[in-house]
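This is structure_27.cif. It holds mmCIF, C-alpha atoms.
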data_structure
#
loop_
_atom_site.label_atom_id
_atom_site.label_comp_id
_atom_site.auth_asym_id
_atom_site.auth_seq_id
_atom_site.Cartn_x
_atom_site.Cartn_y
_atom_site.Cartn_z
CA MET A 1 49.31 45.21 -60.20
CA ALA A 2 48.27 42.08 -62.12
CA ARG A 3 45.57 42.58 -64.70
CA ARG A 4 42.56 40.31 -64.50
CA THR A 5 41.33 38.49 -67.59
CA TYR A 6 38.10 36.80 -68.63
CA ASN A 7 40.21 34.23 -70.48
CA GLN A 8 37.79 34.13 -73.42
CA PHE A 9 38.61 34.24 -77.13
CA CYS A 10 36.06 36.95 -77.91
CA GLY A 11 36.41 40.54 -79.10
CA LEU A 12 34.26 41.91 -76.29
CA SER A 13 36.01 39.98 -73.54
CA ARG A 14 39.46 40.91 -74.89
CA SER A 15 38.38 44.56 -74.98
CA LEU A 16 37.13 44.36 -71.40
CA ASP A 17 40.43 42.79 -70.36
CA ILE A 18 42.01 46.09 -71.41
CA VAL A 19 39.42 48.74 -70.53
CA GLY A 20 37.13 47.03 -68.03
CA GLU A 21 39.13 48.03 -64.95
CA ARG A 22 37.81 50.83 -62.74
CA TRP A 23 38.73 54.36 -63.94
CA THR A 24 40.23 53.26 -67.26
CA LEU A 25 37.43 54.49 -69.53
CA LEU A 26 37.12 57.74 -67.59
CA ILE A 27 40.82 58.36 -68.23
CA VAL A 28 40.17 57.80 -71.94
CA ARG A 29 37.27 60.27 -71.74
CA GLU A 30 39.64 62.92 -70.36
CA PHE A 31 41.97 62.53 -73.35
CA MET A 32 39.04 63.18 -75.70
CA SER A 33 39.44 66.89 -74.92
CA GLY A 34 43.14 66.92 -75.79
CA PRO A 35 46.52 66.05 -74.29
CA LYS A 36 46.71 66.01 -70.50
CA ARG A 37 49.45 66.14 -67.90
CA TYR A 38 49.38 63.61 -65.10
CA THR A 39 48.45 66.43 -62.71
CA ASP A 40 45.51 67.41 -64.94
CA LEU A 41 44.13 63.89 -64.69
CA ALA A 42 44.68 63.69 -60.94
CA ASP A 43 42.85 67.00 -60.45
CA VAL A 44 39.78 65.96 -62.46
CA LEU A 45 39.56 62.29 -61.45
CA ARG A 46 39.22 62.90 -57.75
CA GLY A 47 38.88 59.65 -55.89
CA VAL A 48 41.43 57.68 -57.88
CA GLY A 49 44.59 57.04 -55.89
CA THR A 50 47.96 58.24 -57.16
CA THR A 51 49.31 54.72 -57.53
CA LEU A 52 46.21 53.43 -59.29
CA LEU A 53 46.16 56.38 -61.73
CA ALA A 54 49.81 55.80 -62.61
CA THR A 55 49.10 52.10 -63.13
CA ARG A 56 46.13 52.76 -65.41
CA ILE A 57 48.09 55.24 -67.55
CA ARG A 58 50.99 52.84 -67.83
CA GLN A 59 48.60 50.07 -68.94
CA LEU A 60 47.04 52.35 -71.55
CA GLU A 61 50.53 53.14 -72.86
CA GLN A 62 51.43 49.46 -73.05
CA ASP A 63 48.20 48.71 -74.91
CA GLY A 64 48.90 51.43 -77.49
CA ILE A 65 45.89 53.52 -76.48
CA VAL A 66 47.81 56.58 -75.23
CA VAL A 67 51.27 57.89 -75.97
CA ARG A 68 53.53 60.13 -73.92
CA ARG A 69 55.32 63.16 -75.37
CA THR A 70 57.03 66.32 -74.18
CA LEU A 71 55.67 69.73 -75.15
CA PRO A 72 58.17 72.14 -76.74
CA PRO A 73 59.66 75.01 -74.65
CA PRO A 74 58.73 77.07 -72.79
CA ALA A 75 56.17 74.57 -71.47
CA ALA A 76 58.43 71.49 -71.69
CA SER A 77 55.75 69.54 -69.83
CA GLN A 78 55.18 65.83 -70.27
CA VAL A 79 51.69 65.03 -71.53
CA TYR A 80 49.70 62.00 -72.59
CA GLU A 81 47.35 61.84 -75.57
CA LEU A 82 45.32 59.33 -77.53
CA THR A 83 46.88 57.33 -80.34
CA PRO A 84 44.82 56.50 -83.46
CA VAL A 85 43.84 53.26 -81.70
CA GLY A 86 42.83 55.34 -78.67
CA HIS A 87 40.70 57.64 -80.83
CA GLU A 88 38.90 54.59 -82.19
CA LEU A 89 38.20 53.46 -78.64
CA ALA A 90 36.92 56.95 -77.75
CA GLN A 91 34.46 56.80 -80.65
CA ALA A 92 33.20 53.46 -79.34
CA LEU A 93 32.38 55.11 -76.01
CA VAL A 94 29.91 57.57 -77.54
CA PRO A 95 26.87 55.25 -77.72
CA LEU A 96 27.49 54.11 -74.15
CA ALA A 97 27.67 57.72 -72.92
CA ILE A 98 24.48 58.65 -74.78
CA TRP A 99 22.73 55.60 -73.34
CA GLY A 100 23.76 56.74 -69.88
CA ILE A 101 22.40 60.25 -70.46
CA ARG A 102 19.09 58.94 -71.75
CA HIS A 103 18.48 56.18 -69.23
CA GLN A 104 20.60 56.77 -66.13
CA LEU A 105 20.88 60.50 -65.38
CA GLY A 106 17.38 61.91 -65.52
CA GLY A 107 18.81 65.43 -65.21
CA THR A 108 19.23 65.13 -61.43
CA ARG A 109 22.70 65.26 -59.94
CA LEU A 110 23.23 63.42 -56.68
CA PRO A 111 24.93 65.18 -53.76
CA GLY A 112 28.70 65.02 -54.15
CA GLU A 113 28.62 64.21 -57.88
CA THR A 114 30.96 66.39 -59.92
CA TYR A 115 30.25 67.64 -63.42
CA ARG A 116 32.39 69.25 -66.12
CA ALA A 117 30.98 70.71 -69.33
CA GLU A 118 33.64 69.05 -71.50
CA TRP A 119 32.28 65.64 -70.47
CA THR A 120 29.15 66.48 -72.46
CA LEU A 121 30.87 68.27 -75.33
CA VAL A 122 33.42 65.55 -76.16
CA PHE A 123 30.65 63.09 -76.96
CA LEU A 124 28.63 65.73 -78.80
CA ALA A 125 31.69 66.57 -80.90
CA GLU A 126 32.03 62.94 -81.97
CA LEU A 127 28.43 62.95 -83.23
CA ILE A 128 28.77 66.10 -85.32
CA ASP A 129 29.29 65.82 -89.06
CA ALA A 130 31.59 68.79 -89.61
CA GLY A 131 31.18 68.76 -93.40
CA PRO A 132 29.09 71.97 -93.47
CA SER A 133 31.92 73.83 -91.71
CA ALA A 134 34.28 73.66 -94.71
CA GLY A 135 36.30 76.87 -94.77
CA ARG A 136 34.65 78.11 -91.55
CA HIS A 137 36.25 78.75 -88.18
CA ALA A 138 34.38 79.45 -84.94
CA THR A 139 34.86 79.12 -81.20
CA TYR A 140 31.80 78.41 -79.06
CA GLN A 141 31.87 78.95 -75.32
CA PHE A 142 29.49 76.63 -73.46
CA ARG A 143 28.56 77.25 -69.85
CA ILE A 144 26.57 74.36 -68.39
CA ASP A 145 25.64 74.70 -64.74
CA GLU A 146 28.80 76.03 -63.07
CA SER A 147 31.23 74.52 -65.59
CA ALA A 148 32.65 75.87 -68.86
CA ALA A 149 34.17 74.35 -71.98
CA GLN A 150 34.78 75.33 -75.58
CA LEU A 151 33.75 73.76 -78.87
CA HIS A 152 36.10 74.70 -81.71
CA VAL A 153 35.07 74.31 -85.33
CA HIS A 154 37.97 74.59 -87.77
CA ASP A 155 37.37 73.72 -91.41
CA GLN A 156 35.56 70.37 -90.99
CA LYS A 157 37.19 69.50 -87.69
CA VAL A 158 35.53 69.77 -84.27
CA THR A 159 37.54 69.77 -81.04
CA VAL A 160 36.80 70.43 -77.37
CA VAL A 161 38.87 72.39 -74.86
CA PRO A 162 38.05 72.61 -71.13
CA GLY A 163 37.45 75.96 -69.45
CA GLU A 164 36.94 79.51 -70.61
CA ALA A 165 38.22 80.76 -73.98
CA ALA A 166 41.21 82.96 -73.20
CA ASP A 167 40.89 84.91 -76.45
CA GLY A 168 37.12 85.16 -76.39
CA ALA A 169 34.51 83.24 -78.35
CA ASP A 170 32.45 83.89 -81.44
CA ALA A 171 29.35 82.83 -79.53
CA THR A 172 28.46 81.87 -75.98
CA LEU A 173 25.71 79.45 -74.95
CA THR A 174 24.53 79.09 -71.36
CA GLY A 175 22.16 76.56 -69.85
CA ASP A 176 21.81 73.78 -67.31
CA PHE A 177 22.35 70.06 -67.54
CA ALA A 178 18.65 69.28 -67.12
CA THR A 179 18.08 71.08 -70.42
CA VAL A 180 20.91 69.10 -72.04
CA VAL A 181 19.20 65.86 -70.99
CA GLU A 182 15.86 66.98 -72.43
CA LEU A 183 17.54 67.82 -75.72
CA ALA A 184 19.20 64.40 -75.77
CA LEU A 185 15.87 62.70 -75.08
CA GLY A 186 14.11 64.55 -77.89
CA GLY A 187 11.61 66.08 -75.47
CA LEU A 188 12.90 69.58 -76.22
CA ASP A 189 14.16 71.14 -79.44
CA THR A 190 16.83 73.79 -79.65
CA ALA A 191 14.51 76.50 -80.96
CA SER A 192 12.13 76.06 -78.01
CA ALA A 193 15.03 75.98 -75.54
CA LEU A 194 16.29 79.28 -76.94
CA ALA A 195 12.84 80.89 -77.13
CA SER A 196 12.03 79.96 -73.53
CA GLY A 197 15.38 81.17 -72.19
CA ARG A 198 16.43 77.74 -70.95
CA ILE A 199 19.41 78.24 -73.25
CA THR A 200 20.75 81.72 -73.85
CA ALA A 201 22.91 82.44 -76.89
CA ASP A 202 24.95 85.56 -77.55
CA GLY A 203 27.48 86.40 -80.23
CA ASP A 204 27.94 86.41 -83.98
CA PRO A 205 24.66 85.43 -85.71
CA ALA A 206 26.54 83.68 -88.53
CA ALA A 207 28.49 81.57 -86.03
CA LEU A 208 25.28 80.63 -84.21
CA GLU A 209 23.61 79.73 -87.50
CA LEU A 210 26.52 77.41 -88.31
CA LEU A 211 26.28 75.75 -84.90
CA LEU A 212 22.56 75.10 -85.32
CA LYS A 213 23.23 73.59 -88.73
CA LEU A 214 25.85 71.26 -87.23
CA LEU A 215 23.61 70.24 -84.33
CA GLU A 216 20.44 69.60 -86.34
CA PRO A 217 21.29 66.03 -87.44
CA VAL A 218 22.48 65.17 -83.92
CA LEU A 219 19.16 65.79 -82.18
CA PRO A 220 16.87 62.74 -82.03
CA ALA A 221 13.78 62.80 -84.24
CA ARG A 222 11.85 60.83 -81.62
CA SER A 223 12.04 60.65 -77.86
CA VAL A 224 13.80 57.45 -76.82
CA VAL A 225 11.88 57.34 -73.55
CA THR A 226 8.33 58.26 -74.58
CA GLY A 227 8.37 57.36 -78.26
CA GLU A 228 6.69 60.68 -79.07
CA PRO A 229 7.77 62.57 -82.20
CA GLY A 230 10.46 65.18 -81.68
CA ARG A 231 10.84 68.41 -83.62
CA ARG A 232 13.82 68.78 -85.92
CA ASP A 233 13.36 72.27 -87.41
CA LEU A 234 15.86 74.40 -85.51
CA ASN A 235 14.75 77.53 -87.36
CA ALA A 236 11.18 77.23 -86.12
CA THR A 237 9.86 79.40 -83.33
CA ALA A 238 8.52 78.07 -80.06
CA ASP A 239 4.96 78.70 -81.31
CA SER A 240 5.42 76.90 -84.64
CA PRO A 241 3.22 73.84 -85.23
#

Will you turn the file into structure tokens for me?
Amino acid sequence: MARRTYNQFCGLSRSLDIVGERWTLLIVREFMSGPKRYTDLADVLRGVGTTLLATRIRQLEQDGIVVRRTLPPPAASQVYELTPVGHELAQALVPLAIWGIRHQLGGTRLPGETYRAEWTLVFLAELIDAGPSAGRHATYQFRIDESAAQLHVHDQKVTVVPGEAADGADATLTGDFATVVELALGGLDTASALASGRITADGDPAALELLLKLLEPVLPARSVVTGEPGRRDLNATADSP
């Protein structure tokens, strides 16, 4: 399949020559939560044809964005993962994803639209400054709507893993995507979401305290949509001024 080009000597147009094709950036998003087998991608990216998916992965390999490797026994499966260049591209996707949450979703999912919790967490993880987690290790289980994913904090490194934590989690947080959107917009702060029950949190208090500390700088100080001030004190109660 021939790749189309804008035929312009410009950084943006050259980038779009590589990643502007349908499905390409969503494939990159999937690799943000770790290495994936071809079958993993095909299962999540429903709607992309087998031939097209293979073509897109091959193009990403050729462009140095993903690399293929074989897992050691007993798995011995062939997986694809992001290269350093691919990680840089993934970081560039974060502002676009946040823009989409703030201006295109509105918290309402259309009939037939799928959702996976890791799609939210991979972009959140990129925004977190993990400096305060030096020497700390914690696994957070997130359940958003009917989907689950894990946020792992390991000594100043934050990673995301799809699904339920097989060995359990230090803390579990449950909520819906409408609440996630409100938090992203700055119309709701974490303390109020917890106090009202829109988010429930269970587990080790120290692990939850660390998570709140990591999330505090991520939450907007002002609503992007309304321009009204947002609250930043995650230790405040719902009734605090």

message = Which residues, named as in the file, does the PyMOL selection byres ((chain A and resi 76-93) around 6) pick out? Answer as a VMD selection string.
response = chain A and resid 31 35 to 37 65 to 75 94 to 96

inquiry  = Residues within 7 Å of stretch 165-172 of chain A, please, as a ChimeraX atom specification. Count all atoms listed in the file; anything in the same chain fewer than 6 positions from it doesn't count.
reply    = /A:138-142,150,201-204,207-208

Same residues, C-alpha atoms, saved as a PDB file, keeping the file's coordinate frame:
ATOM      1  CA  ALA A 138      34.380  79.450 -84.940  1.00  0.00           C
ATOM      2  CA  THR A 139      34.860  79.120 -81.200  1.00  0.00           C
ATOM      3  CA  TYR A 140      31.800  78.410 -79.060  1.00  0.00           C
ATOM      4  CA  GLN A 141      31.870  78.950 -75.320  1.00  0.00           C
ATOM      5  CA  PHE A 142      29.490  76.630 -73.460  1.00  0.00           C
ATOM      6  CA  GLN A 150      34.780  75.330 -75.580  1.00  0.00           C
ATOM      7  CA  ALA A 201      22.910  82.440 -76.890  1.00  0.00           C
ATOM      8  CA  ASP A 202      24.950  85.560 -77.550  1.00  0.00           C
ATOM      9  CA  GLY A 203      27.480  86.400 -80.230  1.00  0.00           C
ATOM     10  CA  ASP A 204      27.940  86.410 -83.980  1.00  0.00           C
ATOM     11  CA  ALA A 207      28.490  81.570 -86.030  1.00  0.00           C
ATOM     12  CA  LEU A 208      25.280  80.630 -84.210  1.00  0.00           C
TER      13      LEU A 208
END

message = If the PyMOL selection byres ((chain A and resi 157) around 10) were run on this exact file, what residues would it hold? Put them as a list in words.
response = Ala125, Ile128, Asp129, Ala130, Gly131, Ser133, Ala134, Arg136, His137, His152, Val153, His154, Asp155, Gln156, Val158 and Thr159 of chain A

ask   = For A:Gly100, which residue out of A:Gln62, A:Thr114, A:Thr120, A:Ser13 is the nearest one, using all atoms listed in the file?
value =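 Closest to A:Gly100 of all the choices is A:Thr120.
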
inquiry  = Using only C-alpha atoms, can you tell me which of A:Ile101, A:Leu211, A:Leu127, A:Gly163 comes closest to A:Leu183?
reply    =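 Result for the nearest residue to A:Leu183: A:Ile101.
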
ask   = Between atom CA of A:Ala149 and atom CA of A:Ala178, what is the spacing in Å?
value = 17.0 Å
